[in-house]
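Below is one structure, written out as C-alpha cells; comments come after it.
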Amino acid sequence: MIPGIALAYTALVGFSLTQGLMYPKRRSDEEIMEQESQIGHFDKDEFDRLEKLDVTVMSEFGYEIKGHLAAPHDTKKVMIICHGISMSRYNSVKFMNIFLKRGYNVFIYDARRHGESGGNTTSFGHYEKYDLRSVIQWLKNRYGEEMTLGIHGESLGSAAMLLYAGMLEDGADFYIADCPFEDLEKLLLYRMQKEIQIPEFMIMPIGRVFLKMRDGYSMKEVSPINVIDKIDKPILFIHSKNDETIPSSFSRNLYEKKKGYKKLFMPEAGGHEDTYTKNQHDYEKAIDEFLEEIGQHKSDTGRRL
C-alpha cells in the first residue's frame with residue numbers, strides 16, 4: 001500500500017513539474033502583435049515596409065529556426081534579440097527599434113518551440129543556447145568575423161544568452177541581460193514557495209530525475225550564475241526592482257559575480273518583462289551610456305517603427 005502511494009506520488013510530482021517546464025503555454029503571433037500594438041510597441045504596416053530578410057537557420061538539433069534580419073543600414077554592426085518565454089520574434093520588435101535607431105542591423109527570431117521555429121520542448125536556456133550559437137554563426141558567415149555583434153536577451157532569452165556566453169563561447173562584443181534568472185532550480189524553488197508552499201525535499205529531487213529522463217539535461221546545467229565569471233565581454237544588466245516573477249536580486253547576484261566591465265540598471269517601475277514599457281526614456285538612456293562607455297558609440301538614424 002505505502003510503496004504504491006509513494007510510487008504514485010513520485011510519478012505525479014515528476015510528471016507535473018517537468019510537463020510545466022517542457023511545455024509552457026505559448027502565445028500566438030496574432031496575440032503578441034495585438035498586445036504590442038496596444039501599448040505602442042508595434043506598427044504592422046511599418047514593420048511590413050521595413051527592409052528585412054526572412055531567414056531560416058538550421059539548429060544543431062535538426063529543426064529550423066525562423067527569424068527576420070532587419071538590415072536597412074550599410075554596416076557590419078548587428079544586434080540579436082532573444083525573446084522571453086511564451087513570446088515570439090514580434091515581442092522583440094520594440095528592442096529592435098532601439099538598435100535600428102542607433103545604426104545597427106538587427107536579427108530577431110523565434111526561440112525553440114515558439115513562433116514558427118521547431119523544437120519539441122522549452123528548456124529554459126539549455127538547448128536554446130545552442131540555437132543562439134547557430135544564429136551567430138549564420139550572421140558571421142554573412143557579415144564576416146570582423147562584425148560588431150551585440151546580443152539583447154529578455155527573461156528566458158537573457159538566460160540562454162548568458163549560458164551561451166559562459167558555457168559555449170564568449171562570441172559577442174557585448175550583452176544586455178534584461179530580467180534574467182541566475183539558476184533554474186533556485187527560480188523553481190522561489191516560484192513554489194510563492195504558489196504552493198511544498199517543502200523542497202518533497203519535489204526537487206524527483207523533478208531533477210524526471211527532467212533528465214524526459215528532456216536529456218539536468219537542472220544544474222541551467223545556471224547562469226555558475227558561468228557568469230567566464231564571460232569577459234561587457235554586460236548591461238536590467239531588472240525592475242518590483243519584478244515578482246524573477247526577483248531583481250537574481251540580476252544583482254549575477255552583476256556582483258561578473259568580472260570585468262559591467263553595468264546595472266534597476267528602475268523602481270515595472271514588473272516582469274515590462275521594464276522597457278514602464279521606463280522607456282531611462283531604459284534607452286542606460287543603453288546609450290553603456291554603449292558609450294564600452295566604445296560602441298550611438299549613431300542615431302532617426303528611424304523608429
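Letters A, B, ... go to the chains of the C-alpha cells in the order shown; residues in each chain start at 1; ligands are counted from 1 in the same order.
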>> DSSP on the backbone: which residues in stretch 66-166 of chain A end up as alpha helix (DSSP H)? Give the answer as a ChimeraX atom specification.
In response: /A:93-101,128-143,156-163
Output as JSON lines one row per residue of stretch 65-111 of chain A within 10 Å of stretch 175-179 of chain A: the closest atom pair and its distance in Å to one decimal place, counting only C-alpha atoms, sorted by chain and residue number ascending.
{"residue": "A:Met79", "atom": "CA", "partner": "A:Tyr175", "partner_atom": "CA", "distance": 9.5}
{"residue": "A:Ile80", "atom": "CA", "partner": "A:Tyr175", "partner_atom": "CA", "distance": 9.6}
{"residue": "A:Ile81", "atom": "CA", "partner": "A:Ile176", "partner_atom": "CA", "distance": 9.5}
{"residue": "A:Cys82", "atom": "CA", "partner": "A:Ala177", "partner_atom": "CA", "distance": 9.8}
{"residue": "A:His83", "atom": "CA", "partner": "A:Asp178", "partner_atom": "CA", "distance": 9.9}
{"residue": "A:Gly84", "atom": "CA", "partner": "A:Cys179", "partner_atom": "CA", "distance": 9.6}
Could you dump the residues just selected with all heavy atoms as a compact mmCIF listing (two decimals), in the first residue's frame?
# COMPACT_ATOMS: atom_id res chain seq x y z
N MET A 79 22.78 43.52 -34.02
CA MET A 79 22.24 43.10 -32.74
C MET A 79 21.37 41.86 -32.96
O MET A 79 20.65 41.76 -33.95
CB MET A 79 21.37 44.19 -32.12
CG MET A 79 22.12 45.36 -31.54
SD MET A 79 23.15 44.97 -30.10
CE MET A 79 21.96 44.26 -28.96
N ILE A 80 21.42 40.94 -32.01
CA ILE A 80 20.49 39.81 -31.94
C ILE A 80 19.58 40.05 -30.75
O ILE A 80 20.04 40.42 -29.66
CB ILE A 80 21.23 38.48 -31.76
CG1 ILE A 80 22.17 38.20 -32.94
CG2 ILE A 80 20.25 37.32 -31.60
CD1 ILE A 80 23.08 37.00 -32.71
N ILE A 81 18.28 39.82 -30.93
CA ILE A 81 17.33 39.95 -29.84
C ILE A 81 16.74 38.58 -29.51
O ILE A 81 16.21 37.90 -30.40
CB ILE A 81 16.18 40.93 -30.18
CG1 ILE A 81 16.74 42.23 -30.80
CG2 ILE A 81 15.33 41.20 -28.95
CD1 ILE A 81 17.58 43.05 -29.87
N CYS A 82 16.82 38.18 -28.26
CA CYS A 82 16.30 36.88 -27.80
C CYS A 82 15.10 37.12 -26.89
O CYS A 82 15.25 37.71 -25.82
CB CYS A 82 17.38 36.12 -27.04
SG CYS A 82 18.93 35.87 -27.93
N HIS A 83 13.93 36.65 -27.29
CA HIS A 83 12.71 36.95 -26.54
C HIS A 83 12.52 36.02 -25.35
O HIS A 83 13.22 35.02 -25.18
CB HIS A 83 11.48 36.89 -27.46
CG HIS A 83 11.19 35.52 -28.01
ND1 HIS A 83 10.61 34.52 -27.26
CD2 HIS A 83 11.39 34.98 -29.24
CE1 HIS A 83 10.46 33.44 -27.98
NE2 HIS A 83 10.94 33.68 -29.20
N GLY A 84 11.49 36.33 -24.54
CA GLY A 84 11.19 35.56 -23.35
C GLY A 84 10.20 34.43 -23.61
O GLY A 84 9.71 34.23 -24.72
> Nearest to A:Ile85 among A:Ser155, A:Thr121, A:Thr56, A:Thr10, with distances taken over only C-alpha atoms: which residue is it?
Replying inline: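 Looking at the shortest contact to A:Ile85, the residue is A:Ser155.
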> Which residue gives the smallest distance to A:Arg112 among A:Val55, A:Ile136, A:Met204, A:Ala160, with only C-alpha atoms counted?
Replying inline: A:Ala160
> Among stretch 105-233 of chain A, which ones does DSSP place in strand (DSSP E), written as a PyMOL selection string?
Replying inline: chain A and resi 105-109+148-154+174-178
> Looking at only C-alpha atoms, which of A:Met213, A:Ile151, A:Leu188, A:Leu236 is the one that sits closest to A:Asp173?
Replying inline: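 The closest residue to A:Asp173 is A:Ile151.
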> For the atom pair atom CA of A:Ser28 and atom CA of A:Glu273, what is the interatomic distance in Å to one decimal place?
Replying inline: 17.3 Å
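Here the question is which of A:Lys94, A:Lys212, A:Lys230, A:Arg26 gets nearest to A:Glu154 using only C-alpha atoms, and that residue is A:Lys94.
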>> List the spatial neighbours of stretch 103-109 of chain A as a PyMOL selection string - criterion: any atom at most 10 Å away, only C-alpha atoms, same-chain residues fewer than 5 positions off excluded.
In response: chain A and resi 52-57+65-83+88-93+95-98+114-117+132+135-136+139+148-151+297-303
> Residues at most 12 Å from stretch 215-218 of chain A, counting only C-alpha atoms, excluding those fewer than 4 positions away in the same chain, as a ChimeraX atom specification?
Replying inline: /A:15,18-19,21-23,119-127,183-185,204-211,222-223
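Between atom CA of A:Asp170 and atom CA of A:Thr245 the separation is 27.7 Å.
Going from atom CA of A:Ile235 to atom CA of A:Gln137 covers 20.7 Å.
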> Which of these, A:Ala286, A:Ile32, A:Met202, A:Ala165, has the shortest distance to A:Asp232 once you count only C-alpha atoms?
Replying inline: A:Ala165
Extract, using only C-alpha atoms, all DNA, RNA and protein residues at most 9 Å from A:Pro247, discarding same-chain residues fewer than 5 positions from it, and format them as a compact mmCIF listing (two decimals) with all heavy atoms, in the first residue's frame.
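Written output follows (part26.txt):
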# COMPACT_ATOMS: atom_id res chain seq x y z
N CYS A 179 16.12 41.14 -17.11
CA CYS A 179 15.42 40.25 -16.15
C CYS A 179 15.81 38.78 -16.28
O CYS A 179 14.94 37.91 -16.42
CB CYS A 179 13.91 40.44 -16.20
SG CYS A 179 13.04 40.11 -17.75
N PHE A 181 17.22 35.03 -14.93
CA PHE A 181 17.29 34.28 -13.66
C PHE A 181 18.72 33.79 -13.50
O PHE A 181 19.44 33.59 -14.48
CB PHE A 181 16.28 33.13 -13.62
CG PHE A 181 16.44 32.07 -14.68
CD1 PHE A 181 17.34 31.03 -14.53
CD2 PHE A 181 15.67 32.11 -15.85
CE1 PHE A 181 17.48 30.05 -15.50
CE2 PHE A 181 15.80 31.13 -16.82
CZ PHE A 181 16.70 30.10 -16.64
N LEU A 187 15.13 29.39 -9.21
CA LEU A 187 13.91 30.03 -9.69
C LEU A 187 12.69 29.17 -9.38
O LEU A 187 11.65 29.69 -8.92
CB LEU A 187 14.01 30.28 -11.20
CG LEU A 187 12.75 30.83 -11.87
CD1 LEU A 187 12.41 32.22 -11.32
CD2 LEU A 187 12.94 30.90 -13.39
N TYR A 190 11.83 29.38 -5.74
CA TYR A 190 11.22 30.68 -5.45
C TYR A 190 9.75 30.68 -5.85
O TYR A 190 8.88 31.12 -5.09
CB TYR A 190 11.98 31.77 -6.20
CG TYR A 190 11.29 33.12 -6.21
CD1 TYR A 190 11.35 33.96 -5.11
CD2 TYR A 190 10.57 33.54 -7.34
CE1 TYR A 190 10.70 35.19 -5.12
CE2 TYR A 190 9.93 34.77 -7.36
CZ TYR A 190 10.00 35.59 -6.25
OH TYR A 190 9.36 36.81 -6.28
N HIS A 239 16.82 45.21 -14.74
CA HIS A 239 15.81 44.45 -13.99
C HIS A 239 14.98 45.41 -13.16
O HIS A 239 15.51 46.19 -12.36
CB HIS A 239 16.49 43.44 -13.06
CG HIS A 239 15.72 42.18 -12.86
ND1 HIS A 239 16.28 40.93 -12.96
CD2 HIS A 239 14.41 41.96 -12.56
CE1 HIS A 239 15.38 40.00 -12.73
NE2 HIS A 239 14.22 40.62 -12.48
N SER A 240 13.66 45.37 -13.30
CA SER A 240 12.79 46.16 -12.45
C SER A 240 12.86 45.64 -11.01
O SER A 240 12.80 44.42 -10.78
CB SER A 240 11.34 46.10 -12.93
OG SER A 240 11.19 46.77 -14.16
N LYS A 241 12.95 46.55 -10.07
CA LYS A 241 13.07 46.14 -8.67
C LYS A 241 11.85 45.39 -8.18
O LYS A 241 11.95 44.56 -7.26
CB LYS A 241 13.31 47.37 -7.79
CG LYS A 241 14.68 48.01 -7.97
CD LYS A 241 14.87 49.20 -7.05
CE LYS A 241 16.24 49.82 -7.24
NZ LYS A 241 16.43 51.01 -6.37
N ASN A 242 10.70 45.67 -8.77
CA ASN A 242 9.45 45.06 -8.30
C ASN A 242 9.02 43.84 -9.10
O ASN A 242 7.85 43.44 -9.04
CB ASN A 242 8.34 46.11 -8.32
CG ASN A 242 8.59 47.23 -7.32
OD1 ASN A 242 9.00 46.98 -6.20
ND2 ASN A 242 8.37 48.46 -7.74
N HIS A 272 7.66 42.07 -14.42
CA HIS A 272 8.43 41.16 -15.26
C HIS A 272 8.16 41.43 -16.74
O HIS A 272 7.01 41.52 -17.16
CB HIS A 272 8.08 39.71 -14.93
CG HIS A 272 8.96 38.72 -15.61
ND1 HIS A 272 10.32 38.68 -15.40
CD2 HIS A 272 8.69 37.74 -16.51
CE1 HIS A 272 10.85 37.72 -16.13
NE2 HIS A 272 9.89 37.14 -16.83
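Closest approach to A:Lys186 among A:Gln280, A:Ile225, A:Leu12, A:Gln296 is made by A:Ile225 (distances from only C-alpha atoms).
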